[in-house]
Each structure stands twice: as structure tokens, then as C-alpha cells.
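Participant: Have a look at this one before I ask anything.
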Amino acid sequence: MKIEGSYTVQAPRDAVWQRLMDPASLARALPGCEKLEPNADGSYTAQLNVGVAAIRGNYTGRIEILDAVRPEQYRLKISGKGTGGFLNGEGLIMLAETGPGTTEVRYSGDAQVGGLIASVGQRLMQAAARQIVGEFFQALGREVQSQGG
Amino acid sequence: MATALLGERIKRKEDPRLIQGRGHYVDDIVLPGLLHLAFARSPHAHARIKSVDVTAAQAAPGVVAVYTGADLQGKVGMVPCAAGIEGLKVPEHPCLAVDEVRYVGEPVAVVVANSAYTARDAVEQVEVEYDPLPVVVDPEKALAPGAPRVHSKLADNVAFVAKLEGGDWKALEAEPGIKVIRQRLINQRLAPVAMETRGVVASYSPGEDLLTVWSSTQIPHILKTQLALMSGVEENHCRVIAPEVGGGFGSKLNVYGEEGVACYVSKALGRPVKWIESRRENLQATIHGRDQINDVEVYVRPDGKVAGLKCWIIADLGAYHQLLTPAIPTLTALMIVGAYHIPCVFVETKGVFTNKMATDAYRGAGRPEATYIIERVMDLVAAELNLDPVDVRMKNFPSPKDFPLALPTGVTYDSANYQRTLKKVLKAAGYTKLRKEQERLRKKGRYLGIGLSTYVEICAMGPSSRMPAGGWEFGSVRIEPTGKVTVLSGTSPHGQGEETTFAQIVASGFGIPYEDVTVLHGDTGVVPMGIGTFGSRTTAVGGTAIYLAVERLKKKMARIAAHKLGVKPGELEFKDGKVQTAGGEKAMRFLEVVAEAIFAKQLPPGVEPGLVEQCVFEPANFTFPFGAHLAVVEVDPDTGEVRLRNYYAVDDCGRVLNPMLVDGQIHGGLVQGIGQALWEEHVYDENGQLLTGTLMDYAVPRAHQFPWFETATTETPTRVNPLGAKGVGEAGTIGSTPAIVNAVVDALRPLGVRHIDMPLKPEKIWRVLRSASAA
């Protein structure tokens, strides 16, 4: 399943980049994030409570940031599993300054879901993913502003 | 009520309790100390199981035990497959996966808890580590060299290859003027969706070493044998009961892993356990139907005479064999010539493993596929040669005088008059007028389509020589001291209404009130032996056993009555509650004869006391019911929507014992067959994830989508059984699918449409119409 889109954050690119790399900010911005802990190898272990339509569940997963080119782009690799099945995804995140103090974050990737979320929610996945991503960036934007980024 | 004669339209004895909610299904069985099961299932289509951690689940409050595949290894037998096909590969099929999972929904572990909800919640705490393996979903890709293998122990994904060949192909291929028409037809995967999902209660009593199982099954006796073998409890210590069964359509003609697990757990814990399948599990892990790719080559003469038919079948079996999985597509080959005299036949059937749930018997089981092939072929021939589809069919029908008719497929059709059913349906529909209307509407840019299907099917399964494990059926009739009659049958209904038809057979035989007869079934502790209900066999095979048991009893009663009355037994008839001479001068009441027989004061010498007879009826052949269906559709060119305007069905199931039940079977069958043609489709994505996992996604037909069905019958009795009945349980499903597709293709013919694969959803048709108008 292809997931792509973009979101504009009212903050300079460096500030957005900083937040995206900061576990504490991420944990606060990620919808349903209950835990986000850095691992020794640079990856994170995440615990999320998210859902698609009526299929809400607890997921434990691993998030990796790869090939980071500060402050322009990085690859994000996610693998998780939980009550609703499993999710594996990989995508590219690109940051572009579209104006003074305005950053456009574009993302594109491939996600593979299995189990209940696939059989019940797949037709809703793209819309749901867009919504979750939207909520994330909205929260991230607030993070940047509140901390005077 | 007066004596119910065979052929009367009588309301079902079963219905008052069922429509008032007073029936008892598996989930209504409550036993002291009952525990509940829930299964952890694979979210992967193919993966190695790295580890299963049940610690958290086991520690959850209310959980009694958790078992994994490894725990059950060597303690529960494999899920059985009864199909006997030469060279068939039968991979190991454990009740719970051990090292590898091979389809989404495969059970991996079972949680036992004090409530169903607790069990379901704890399933989510079973931690399974999977290592994903390459997945193969498309059966054609599964055949390619180097394709991922579903079973690494097997050399490839081919479970079997079967060939069927007949006729002088050399001569036909050399024949001048012979035309060859080729077409690929896809028969999509379906979900049976019985209203009641699967369910099982297993109760093992250690003291008596007795295993009692309640299962929503069509085959209690076969299930008893198999569960005895799987559980290790001796068969004469096993009892299987099928209470009310809320539909099956073949999906409960099976032995499932969950049943084996339930027996094991009950035995291990010494407590009764229950498992009721959820709808999601039902769509995922109850057998699926159909799923074939058919490449057809038709050899036709310029006058429309079909002289030869070749077909290459790729049957998607899924990951494992269930009870009859590989046998189903072989029925397609057997019935591929349909109602036509086609001298040359070649069929190659390849059964292929894929990372999906197993396919198996679903209403029609292999015959809907055959009928779809041959009925589409007839219309393809008509379109190619610009002939009327009626003329092509009439040209290829055998004459009624040709029966019994031996075919190159190796079966012998018992009796038929295909011309009569076709003429009757054409008359009912007003065929000539319809064609004129079609022409008129076409000029106005409206697309009316008329579709025919003149099917034949194979029923009353069947002679034991051609069945995997016996094709006979058991029936017994016992007259109680009060004159009430108790009937036992080895068939096990799930909507067939045999409590009604069998009571009709018995009441009319004895000349007693229909209310005096009770039919018992579905309990191996009550009915000594049986095969079960499938393949439209209940009346033709099971009913015949009862009919013959009645005849035996009547002979005995006539001897007793004759002894008392001083006449010859042959002079006596059973009528209006009496056993009497033809004119009625000498008579005894039925009850008096019963008393004589049971109290045994003055029995003729050599006559045993009591009135109980049994019969195991072995049919000499299958029966071959047939019919002619006609569908009228209109396709909306703007939306691609198909409106089914009229449906006419003339069916010949031999002698009709109760027209109301025949109507009911036809109506239900039509809905399922039309559902396949227009809406239903069970879809996996390329990763083997099931996309149609709920009834929001899988389109089960609803009543408002159908017009009133105009049904009628003709009666061509069979000599295969003394009742003359052929069977009607699957006819509607078998006949209707091609009638609809033929009608839609006929509607779109002016746009150059030759074929569209099912289901004919608006989106698909809209695309076809759009590309046609663009061109």
C-alpha cells in the first residue's frame, strides 16, 4: 500500500528537523504514543495505541531513521505488531523550505499490513494514515512553536 | 390433517420452532463447568514461527490453559483429507500450526478460559514471533518454475494432475470446416457464509472414557470416526451430535482443526469446552468455494454442432487439503459436457497449492464451475456463428430416447428431456417477444439482455464405488406401542426439511396421519450409522432407505394382519389408518396390527415380535437433475449497474415429494448463484492478506436485489431409486450463474462485448462501456 502526502509546518526547516529527531518531541506528537525509547543501535522502540475505524489496538514496534541528510531528508523504517495484526513500512521524508519560516514536509512510502487491520481496515487505511500523519504534523508544529523553535 | 400424500405442498414441521427461536444450536448447549476456547491466528500468509510466548496469556485472570502447536504435536491427529486421487500429494495439516503458517487465519495457539470474552482477550496476549517467508497467491504464478513453495517438503506447488479424455480427437482435429473457439473463464473464490458460523462443544467424561461432541456439522457420523482417530478415544466411546444447524452449503461437510483441538482440550482438562466461530474467523478460516481458471477450446461445426471440448483447469486449492478439497475440481471435469452430446472431450485438471485458506465443497461443489464453462461455451458458439442461443442448445441436446446416456466423461445420465424444460421456460418468459423488445430498446440506447442456462447436474451422491468413503445411506422405521412412528436417518439436515419429507414418505406408506411420524437425525448415539447431507442426496438416497424400511415393515404387518383376518398378505392395503382388503370388507385398525406385533400373543409362526426395520440403501448410479433458466437483465449504460428484471426457472428434479420445499431450495440456490454472477468475490491481496474480511466487504446478496422468481417444474422420474426423486439442493446455484452472465453479455453484445469475468459489478461494466464508447 502506497502512502504519500505533504504537510506544511509554520516553522523554519532546521527547527522542524530538530523536532523530528528528538524522541521527546516525537513521543508527544505521535498520536496514541505511549512510549518511545531510544535503543543502543540508534533505533527506537515505540508503544502506540492507534486504530483504523473501529479497530483500535496496542502496537509495539521499532522505528529506525536511516540515511539522514540534515536538514533535508531521511528514510524512516517502521515495523510493528499488535492486537490488530502487523505493519511494516518504509518511506522517505523530505523537508523543503517553501518560504520564510515555512517548511513543507513531503513523505512517500510503502506499507504492508497484515491480520485484522488488513482484512477489515485496508480499504480505510489510506484515509486513516493521512489522518494520523496530519495529526502528527499538527502536533509537531505546536511543539516547534511552544518551544520557541 | 388427513393422510399426507407424496407430492403435496406441506409446510415444514421444522419451522414453528425455528421461526420462534425455540431451536437449539451448538451455542445453546450449556454444560456445568463449561470452558471457552479462542484461537490465536496467523496474520501472515506464509511465515516461520520463531517462538510462541504464552506467559502473559496464561497469567491473565480467568485463563485456565493455553496450548500451542508444539504442545499438541503427537497428541492430536492431523486434519484429515478423504479425497482419493491418484498421485495426490497430501501435506501434513496439524490442527495448530507447529513450525510454519501457510495462510492468514491459520490457528497457532488456543486459549482456554472461563468465559468466551476472557478467552478472546487473552488471545491478544499470546506473543508469536514470525519470520515472514515468500508468499504465493496467484495459482498460475504458483506453477511457474522457481515459485515460492507453500510446502517446502514438496518439490513444487502441484497437488495433483488429473486427465480425462474421450472420443476420436485425431479425426475431429483433421475434420475440414471445424472451427475452434478459445476463451479463458475465471470462476472466482467465494465464501459460503452460513448464517450460523461453525461451533463445537466437546465434553470428555474421564470416568466413562466417553467423548461427546456437539458440532454444527453436516456429517456427524463421519466426524465421529475422524474425531475418534484424531483424539485417540475409541470410536465406540465417541458420540457426535449435530443439533440445529443454521446452514452449511458444504462448508460444514468437513472436519476442522478446531474440532480436533476442542476434543483434545476437553480430554486434557477433564472439562467440557465450547468454541463458537466469529464472523471474521468464518470468512477467513472456514473453507472457501470455487476458485478455478478454465481455459476452454471448443470445436464446432459450421451448423453449430459442438463436436469437441478441451479444458485446462487450474484449481486453487489453498494451502492445505480439507476433507474433500482436491476432489471438488474433479467433479468439474466429470460434468463438463453438460446437457449436450459432445463426442470428444479432454480435460486436464491441476490442483495447485497457494497461501490461502483451503477451498472445498460449496453449494454445487465443482458442478457450478462445469455448468458455467459449458453454458458460456454455448453462448460463445452462438455469438461466433451468429445463431440464436436457443437453436445452438436444441441442436446439441441428446434426444429423450437416448437415455440412459453413457458419456465420454465416464458417467451415465439416467433420464432427461432437455427439450421440454427449455421449451417450457421459453414459453414462460415469452422469448420471441423478449427478443423483439430487446431490438426496440437497443434502438433507444437501452441494453436489455436475455440469458439462458440449460444445466444438468450430478446428484444423489452416490454409488459407494465412486465415493471416497461410502455413498449409501441408513434409514430405520420403528412403530411404538401407541402407534406413533419414529424414523431415524443417517442424513443430517441444515435446512433441507427432511423431518417433513421423510414424514410424508412414511405417512403415505402406512396410510396414517403425518403428525404421527417423528424423524430423528444428527446424533450418532441415536442413529447407528450414516453418511450425511451433501450432494443433494438427502431425499434420493436417505429418503429411499426410509421408503424401503417402510416397505419391509408393511410386509411384516400384512403377514400379521392376514393371519388374524384369514386372508393372504398380498390382498391387504394400508389406507386411512387401516390395514384392509381392497374393498375394505375385512380390516384391522393400524393400531390393532401394531398391538398384535408388539404384544405378540398370536403371531404367525416364524414372525419376530416388534415393528422395527432398517435399510441401508446403496444407489446403483448418481442421478442427473436438469433444468432451463432464463434471466432478463437491463444494464444501465451510465452507471454499469445490472438490474435483474425477470428470472424464470424450470427445474426437473425427478419426482417432486413436496413442491414447497423444492421452491424453497430453488429460491435459495438462485440467490447464491446470482450472487456469484453479480457481486460475490473473496479477495486476497498479493501478500496473501484477505481483503474481504467482513460482511461490509464481502457482498452477500440481499432480498431487495431480486425480482420474484418464476419457478416451475417438469417431472422426469429416475429409475436409480424407487422414489423417482433426483435431488434439488444445489440446482438453483448451478443453473443460475451462467444465465446471468449470458444475459449481461447478451445485453452488451452491440458494443462488441464477448465475455466479462464475474462478478459483474457496476464498476467493471462501467469500465467496459467506457472503453467501448472510447473505441
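Chains: A, B, ... in order of the C-alpha cells. Residues: from 1 per chain. Ligands: from 1, in order shown.
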With a distance threshold of 7 Å and counting only C-alpha atoms, extract the residues of chain B near chain A and express them as a ChimeraX atom specification.
Facilitator: /B:43-44,104,124,689-694
Participant: Can I get the selection written as an mmCIF file, in the first residue's frame, with C-alpha atoms?
Facilitator:
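New file selection-v5.cif:
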data_model
loop_
_atom_site.group_PDB
_atom_site.id
_atom_site.type_symbol
_atom_site.label_atom_id
_atom_site.label_comp_id
_atom_site.auth_asym_id
_atom_site.auth_seq_id
_atom_site.Cartn_x
_atom_site.Cartn_y
_atom_site.Cartn_z
ATOM 1 C CA PRO B 43 -1.623 -12.583 10.465
ATOM 2 C CA HIS B 44 0.896 -13.771 7.871
ATOM 3 C CA VAL B 104 -3.816 -15.819 7.067
ATOM 4 C CA GLU B 124 -4.178 -10.910 22.117
ATOM 5 C CA GLN B 689 -3.934 -10.741 3.103
ATOM 6 C CA LEU B 690 -7.674 -11.276 2.951
ATOM 7 C CA LEU B 691 -9.287 -8.014 1.888
ATOM 8 C CA THR B 692 -12.895 -9.165 2.157
ATOM 9 C CA GLY B 693 -12.727 -9.956 5.830
ATOM 10 C CA THR B 694 -16.115 -8.623 6.909
#
Participant: Can you tell me, as a VMD selection string, what residues are no more than 8 Å from range 95-107 of chain A when counting only C-alpha atoms, ignoring any on the same chain fewer than 4 positions away?
Facilitator: chain A and resid 3 to 13 16 to 17 71 to 73 91
Participant: To one decimal place in Å, what is the distance between CA of Val261 in chain B and CA of Cys95 in chain B?
Facilitator: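 Separating CA of Val261 in chain B from CA of Cys95 in chain B is a distance of 6.5 Å.
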Participant: Among range 425-660 of chain B, which ones does DSSP assign to alpha helix (DSSP H) (computed from the backbone)? Answer as a ChimeraX atom specification.
Facilitator: /B:425-429,431-443,498-510,544-565,590-599,659-660
Participant: Among range 2-100 of chain A, which ones does DSSP assign to strand (DSSP E or B) (computed from the backbone)? Answer as a VMD selection string.
Facilitator: chain A and resid 2 to 9 33 to 38 44 to 52 55 to 69 73 to 82 85 to 99
Participant: May I have the residues within 8 Å of Ala699 in chain B as a PyMOL selection string, using only C-alpha atoms and disregarding those fewer than 2 positions away in the same chain?
Facilitator: chain B and resi 675+679-681+695-697+701
Participant: Skipping near chain neighbours, those fewer than 6 positions away, what residues fall within 12 Å of Asn646 in chain B using only C-alpha atoms, listed as number ranges by chain?
Facilitator: B: 425, 428-431, 434, 448-451, 629-634, 705-711, 739-740, 743
Participant: Take the residues that were just selected and, keeping N, CA, C and O atoms, output them as a CSV table (one decimal), in the first residue's frame.
Facilitator:
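That gives us result_23.csv:
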chain,number,residue,atom,x,y,z
B,425,VAL,N,-39.5,-23.0,-20.4
B,425,VAL,CA,-39.0,-21.7,-19.9
B,425,VAL,C,-39.2,-20.6,-20.9
B,425,VAL,O,-39.4,-19.5,-20.6
B,428,ALA,N,-42.7,-19.6,-20.8
B,428,ALA,CA,-43.0,-18.8,-19.6
B,428,ALA,C,-42.5,-17.3,-19.7
B,428,ALA,O,-43.1,-16.4,-19.3
B,429,ALA,N,-41.3,-17.2,-20.3
B,429,ALA,CA,-40.7,-15.9,-20.4
B,429,ALA,C,-41.2,-15.1,-21.6
B,429,ALA,O,-41.0,-13.9,-21.7
B,430,GLY,N,-41.8,-15.8,-22.6
B,430,GLY,CA,-42.2,-15.1,-23.8
B,430,GLY,C,-41.0,-14.7,-24.6
B,430,GLY,O,-40.8,-13.5,-24.9
B,431,TYR,N,-40.2,-15.7,-25.0
B,431,TYR,CA,-38.9,-15.5,-25.5
B,431,TYR,C,-38.9,-14.6,-26.8
B,431,TYR,O,-38.2,-13.7,-27.0
B,434,LEU,N,-39.6,-11.1,-26.1
B,434,LEU,CA,-38.5,-10.5,-25.4
B,434,LEU,C,-37.4,-10.1,-26.4
B,434,LEU,O,-36.8,-9.0,-26.3
B,448,LEU,N,-30.9,-4.3,-23.0
B,448,LEU,CA,-31.6,-5.4,-22.4
B,448,LEU,C,-30.9,-6.7,-22.8
B,448,LEU,O,-30.4,-6.8,-24.0
B,449,GLY,N,-30.8,-7.6,-21.9
B,449,GLY,CA,-30.1,-8.9,-22.2
B,449,GLY,C,-30.9,-10.1,-21.7
B,449,GLY,O,-31.6,-10.0,-20.7
B,450,ILE,N,-30.8,-11.1,-22.6
B,450,ILE,CA,-31.6,-12.3,-22.3
B,450,ILE,C,-30.5,-13.5,-22.2
B,450,ILE,O,-29.8,-13.7,-23.1
B,451,GLY,N,-30.5,-14.1,-21.0
B,451,GLY,CA,-29.5,-15.2,-20.8
B,451,GLY,C,-30.2,-16.5,-20.5
B,451,GLY,O,-31.1,-16.6,-19.7
B,629,HIS,N,-33.0,-22.3,-17.3
B,629,HIS,CA,-33.2,-21.0,-16.6
B,629,HIS,C,-33.1,-19.9,-17.7
B,629,HIS,O,-32.3,-20.0,-18.6
B,630,LEU,N,-33.9,-18.8,-17.4
B,630,LEU,CA,-33.8,-17.7,-18.3
B,630,LEU,C,-33.8,-16.4,-17.5
B,630,LEU,O,-34.7,-16.2,-16.7
B,631,ALA,N,-32.8,-15.6,-17.7
B,631,ALA,CA,-32.7,-14.3,-17.0
B,631,ALA,C,-32.9,-13.1,-17.9
B,631,ALA,O,-32.4,-13.2,-19.1
B,632,VAL,N,-33.6,-12.1,-17.5
B,632,VAL,CA,-33.7,-10.9,-18.3
B,632,VAL,C,-33.1,-9.8,-17.4
B,632,VAL,O,-33.5,-9.5,-16.3
B,633,VAL,N,-32.1,-9.1,-18.0
B,633,VAL,CA,-31.4,-8.0,-17.3
B,633,VAL,C,-31.4,-6.8,-18.1
B,633,VAL,O,-31.6,-6.8,-19.3
B,634,GLU,N,-31.3,-5.7,-17.4
B,634,GLU,CA,-31.1,-4.4,-18.2
B,634,GLU,C,-29.8,-3.8,-17.6
B,634,GLU,O,-29.7,-3.7,-16.3
B,705,GLN,N,-32.5,-7.2,-3.8
B,705,GLN,CA,-31.8,-7.1,-5.0
B,705,GLN,C,-32.4,-8.1,-6.1
B,705,GLN,O,-31.9,-8.1,-7.2
B,706,PHE,N,-33.5,-8.8,-5.7
B,706,PHE,CA,-34.0,-9.8,-6.6
B,706,PHE,C,-35.5,-9.5,-7.0
B,706,PHE,O,-36.2,-9.0,-6.1
B,707,PRO,N,-35.8,-9.9,-8.2
B,707,PRO,CA,-37.2,-9.9,-8.5
B,707,PRO,C,-37.9,-11.1,-8.0
B,707,PRO,O,-37.2,-12.0,-7.4
B,708,TRP,N,-39.2,-11.3,-8.1
B,708,TRP,CA,-39.8,-12.5,-7.8
B,708,TRP,C,-39.4,-13.6,-8.8
B,708,TRP,O,-39.2,-13.3,-10.0
B,709,PHE,N,-39.0,-14.7,-8.3
B,709,PHE,CA,-38.6,-15.8,-9.2
B,709,PHE,C,-39.8,-16.6,-9.7
B,709,PHE,O,-40.6,-17.0,-8.9
B,710,GLU,N,-39.9,-16.7,-11.0
B,710,GLU,CA,-41.0,-17.5,-11.6
B,710,GLU,C,-40.4,-18.9,-11.7
B,710,GLU,O,-39.6,-19.2,-12.6
B,711,THR,N,-41.0,-19.8,-10.9
B,711,THR,CA,-40.4,-21.2,-10.9
B,711,THR,C,-41.5,-22.2,-11.4
B,711,THR,O,-42.7,-21.9,-11.2
B,739,ALA,N,-26.7,-18.2,-16.5
B,739,ALA,CA,-27.8,-17.5,-17.1
B,739,ALA,C,-27.7,-16.0,-16.9
B,739,ALA,O,-27.9,-15.2,-17.9
B,740,ILE,N,-27.2,-15.5,-15.8
B,740,ILE,CA,-27.0,-14.1,-15.5
B,740,ILE,C,-25.8,-13.6,-16.4
B,740,ILE,O,-26.0,-12.5,-17.1
B,743,ALA,N,-26.8,-13.3,-19.9
B,743,ALA,CA,-27.8,-12.2,-20.1
B,743,ALA,C,-27.0,-10.9,-20.2
B,743,ALA,O,-27.3,-10.0,-21.1
Participant: Near range 524-534 of chain B, counting only C-alpha atoms, which residues have an atom at most 9 Å away, once you skip same-chain residues fewer than 2 positions from it, shown as number ranges by chain?
Facilitator: B: 218-222, 224, 238-242, 249-250, 253, 361, 363, 460-461, 469-476, 488-494, 496, 520-522, 536-538, 542, 616, 729
Participant: If we count only C-alpha atoms and set the cut-off at 10 Å, which residues sit around Pro134 in chain B, ignoring sequence neighbours fewer than 3 positions away in its own chain? Please answer as a PyMOL selection string.
Facilitator: chain B and resi 45-47+147-150+355+687
Participant: I need the residue nearest Asn88 in chain A from this list: A:Asp67, A:Arg75, A:Gln126, A:Ala111. Use only C-alpha atoms for the distance.
Facilitator: A:Ala111
Participant: Name the closest residue to Ile328 in chain B among the candidates B:Thr349, B:Thr518, B:Thr68, B:Thr713; distances are taken between atoms, counting only C-alpha atoms.
Facilitator: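 Once distances to Ile328 in chain B are computed over only C-alpha atoms, the minimum belongs to B:Thr349.
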Participant: One number please: CA of Pro404 in chain B to CA of Ile505 in chain B, in Å, one decimal.
Facilitator: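 These atoms are spaced 26.7 Å apart.
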Participant: Excluding Gly42 in chain A and residues on its chain fewer than 3 positions from it, collect all residues at most 12 Å away from it, counting only C-alpha atoms, and give them as a PDB file with N, CA, C and O atoms, in the first residue's frame.
Facilitator:
ATOM      1  N   MET A  21      13.922  14.752  15.050  1.00  0.00           N
ATOM      2  CA  MET A  21      14.988  13.882  15.542  1.00  0.00           C
ATOM      3  C   MET A  21      14.968  13.755  17.073  1.00  0.00           C
ATOM      4  O   MET A  21      15.758  13.023  17.640  1.00  0.00           O
ATOM      5  N   ASP A  22      14.053  14.471  17.695  1.00  0.00           N
ATOM      6  CA  ASP A  22      14.037  14.490  19.157  1.00  0.00           C
ATOM      7  C   ASP A  22      12.979  13.534  19.707  1.00  0.00           C
ATOM      8  O   ASP A  22      11.783  13.741  19.520  1.00  0.00           O
ATOM      9  N   PRO A  23      13.424  12.477  20.376  1.00  0.00           N
ATOM     10  CA  PRO A  23      12.471  11.461  20.853  1.00  0.00           C
ATOM     11  C   PRO A  23      11.358  12.044  21.729  1.00  0.00           C
ATOM     12  O   PRO A  23      10.210  11.638  21.615  1.00  0.00           O
ATOM     13  N   GLU A  37      11.321   4.914  23.214  1.00  0.00           N
ATOM     14  CA  GLU A  37      12.615   4.850  23.889  1.00  0.00           C
ATOM     15  C   GLU A  37      13.723   4.571  22.902  1.00  0.00           C
ATOM     16  O   GLU A  37      13.599   3.674  22.068  1.00  0.00           O
ATOM     17  N   PRO A  38      14.810   5.333  23.008  1.00  0.00           N
ATOM     18  CA  PRO A  38      15.926   5.071  22.097  1.00  0.00           C
ATOM     19  C   PRO A  38      16.630   3.761  22.449  1.00  0.00           C
ATOM     20  O   PRO A  38      16.737   3.410  23.629  1.00  0.00           O
ATOM     21  N   ASN A  39      17.048   3.038  21.431  1.00  0.00           N
ATOM     22  CA  ASN A  39      17.826   1.817  21.647  1.00  0.00           C
ATOM     23  C   ASN A  39      19.295   2.128  21.425  1.00  0.00           C
ATOM     24  O   ASN A  39      19.636   3.182  20.861  1.00  0.00           O
ATOM     25  N   THR A  45      12.249   2.101  20.226  1.00  0.00           N
ATOM     26  CA  THR A  45      11.166   1.164  20.487  1.00  0.00           C
ATOM     27  C   THR A  45       9.949   1.993  20.869  1.00  0.00           C
ATOM     28  O   THR A  45      10.032   2.842  21.757  1.00  0.00           O
ATOM     29  N   ARG A  62       9.314  -0.941  16.170  1.00  0.00           N
ATOM     30  CA  ARG A  62      10.672  -0.441  16.090  1.00  0.00           C
ATOM     31  C   ARG A  62      10.685   0.621  15.010  1.00  0.00           C
ATOM     32  O   ARG A  62      10.153   0.425  13.911  1.00  0.00           O
ATOM     33  N   ILE A  63      11.264   1.758  15.333  1.00  0.00           N
ATOM     34  CA  ILE A  63      11.367   2.840  14.368  1.00  0.00           C
ATOM     35  C   ILE A  63      12.847   3.111  14.140  1.00  0.00           C
ATOM     36  O   ILE A  63      13.613   3.255  15.099  1.00  0.00           O
ATOM     37  N   GLU A  64      13.227   3.182  12.865  1.00  0.00           N
ATOM     38  CA  GLU A  64      14.629   3.451  12.546  1.00  0.00           C
ATOM     39  C   GLU A  64      14.711   4.651  11.626  1.00  0.00           C
ATOM     40  O   GLU A  64      13.912   4.781  10.693  1.00  0.00           O
ATOM     41  N   ILE A  65      15.690   5.495  11.892  1.00  0.00           N
ATOM     42  CA  ILE A  65      15.944   6.621  10.995  1.00  0.00           C
ATOM     43  C   ILE A  65      17.239   6.320  10.269  1.00  0.00           C
ATOM     44  O   ILE A  65      18.273   6.056  10.878  1.00  0.00           O
ATOM     45  N   LEU A  66      17.172   6.309   8.944  1.00  0.00           N
ATOM     46  CA  LEU A  66      18.313   5.888   8.139  1.00  0.00           C
ATOM     47  C   LEU A  66      18.649   6.973   7.115  1.00  0.00           C
ATOM     48  O   LEU A  66      17.786   7.750   6.715  1.00  0.00           O
TER      49      LEU A  66
END
Participant: Nearest to Ile287 in chain B: which of B:Tyr25, B:Tyr256, B:Phe624, B:Trp275 is it, counting only C-alpha atoms?
Facilitator: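 Among the listed residues, B:Tyr256 lies closest to Ile287 in chain B.
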Participant: Could you tell me how far CA of Pro61 in chain B lies from CA of Ala113 in chain B, in Å and to one decimal?
Facilitator: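 That distance, rounded to one decimal, is 8.7 Å.
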Participant: Pick from A:Gly109, A:Gln131, A:Cys33, A:Leu48: nearest to Lys77 in chain A, with only C-alpha atoms counted?
Facilitator: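 Ranking A:Gly109, A:Gln131, A:Cys33, A:Leu48 by distance to Lys77 in chain A, first place goes to A:Gly109.
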Participant: Ranking B:Lys75, B:Lys356, B:Lys267, B:Lys141 by minimum distance to Met230 in chain B and counting only C-alpha atoms, which one comes first?
Facilitator: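 Counting only C-alpha atoms, the residue closest to Met230 in chain B is B:Lys75.
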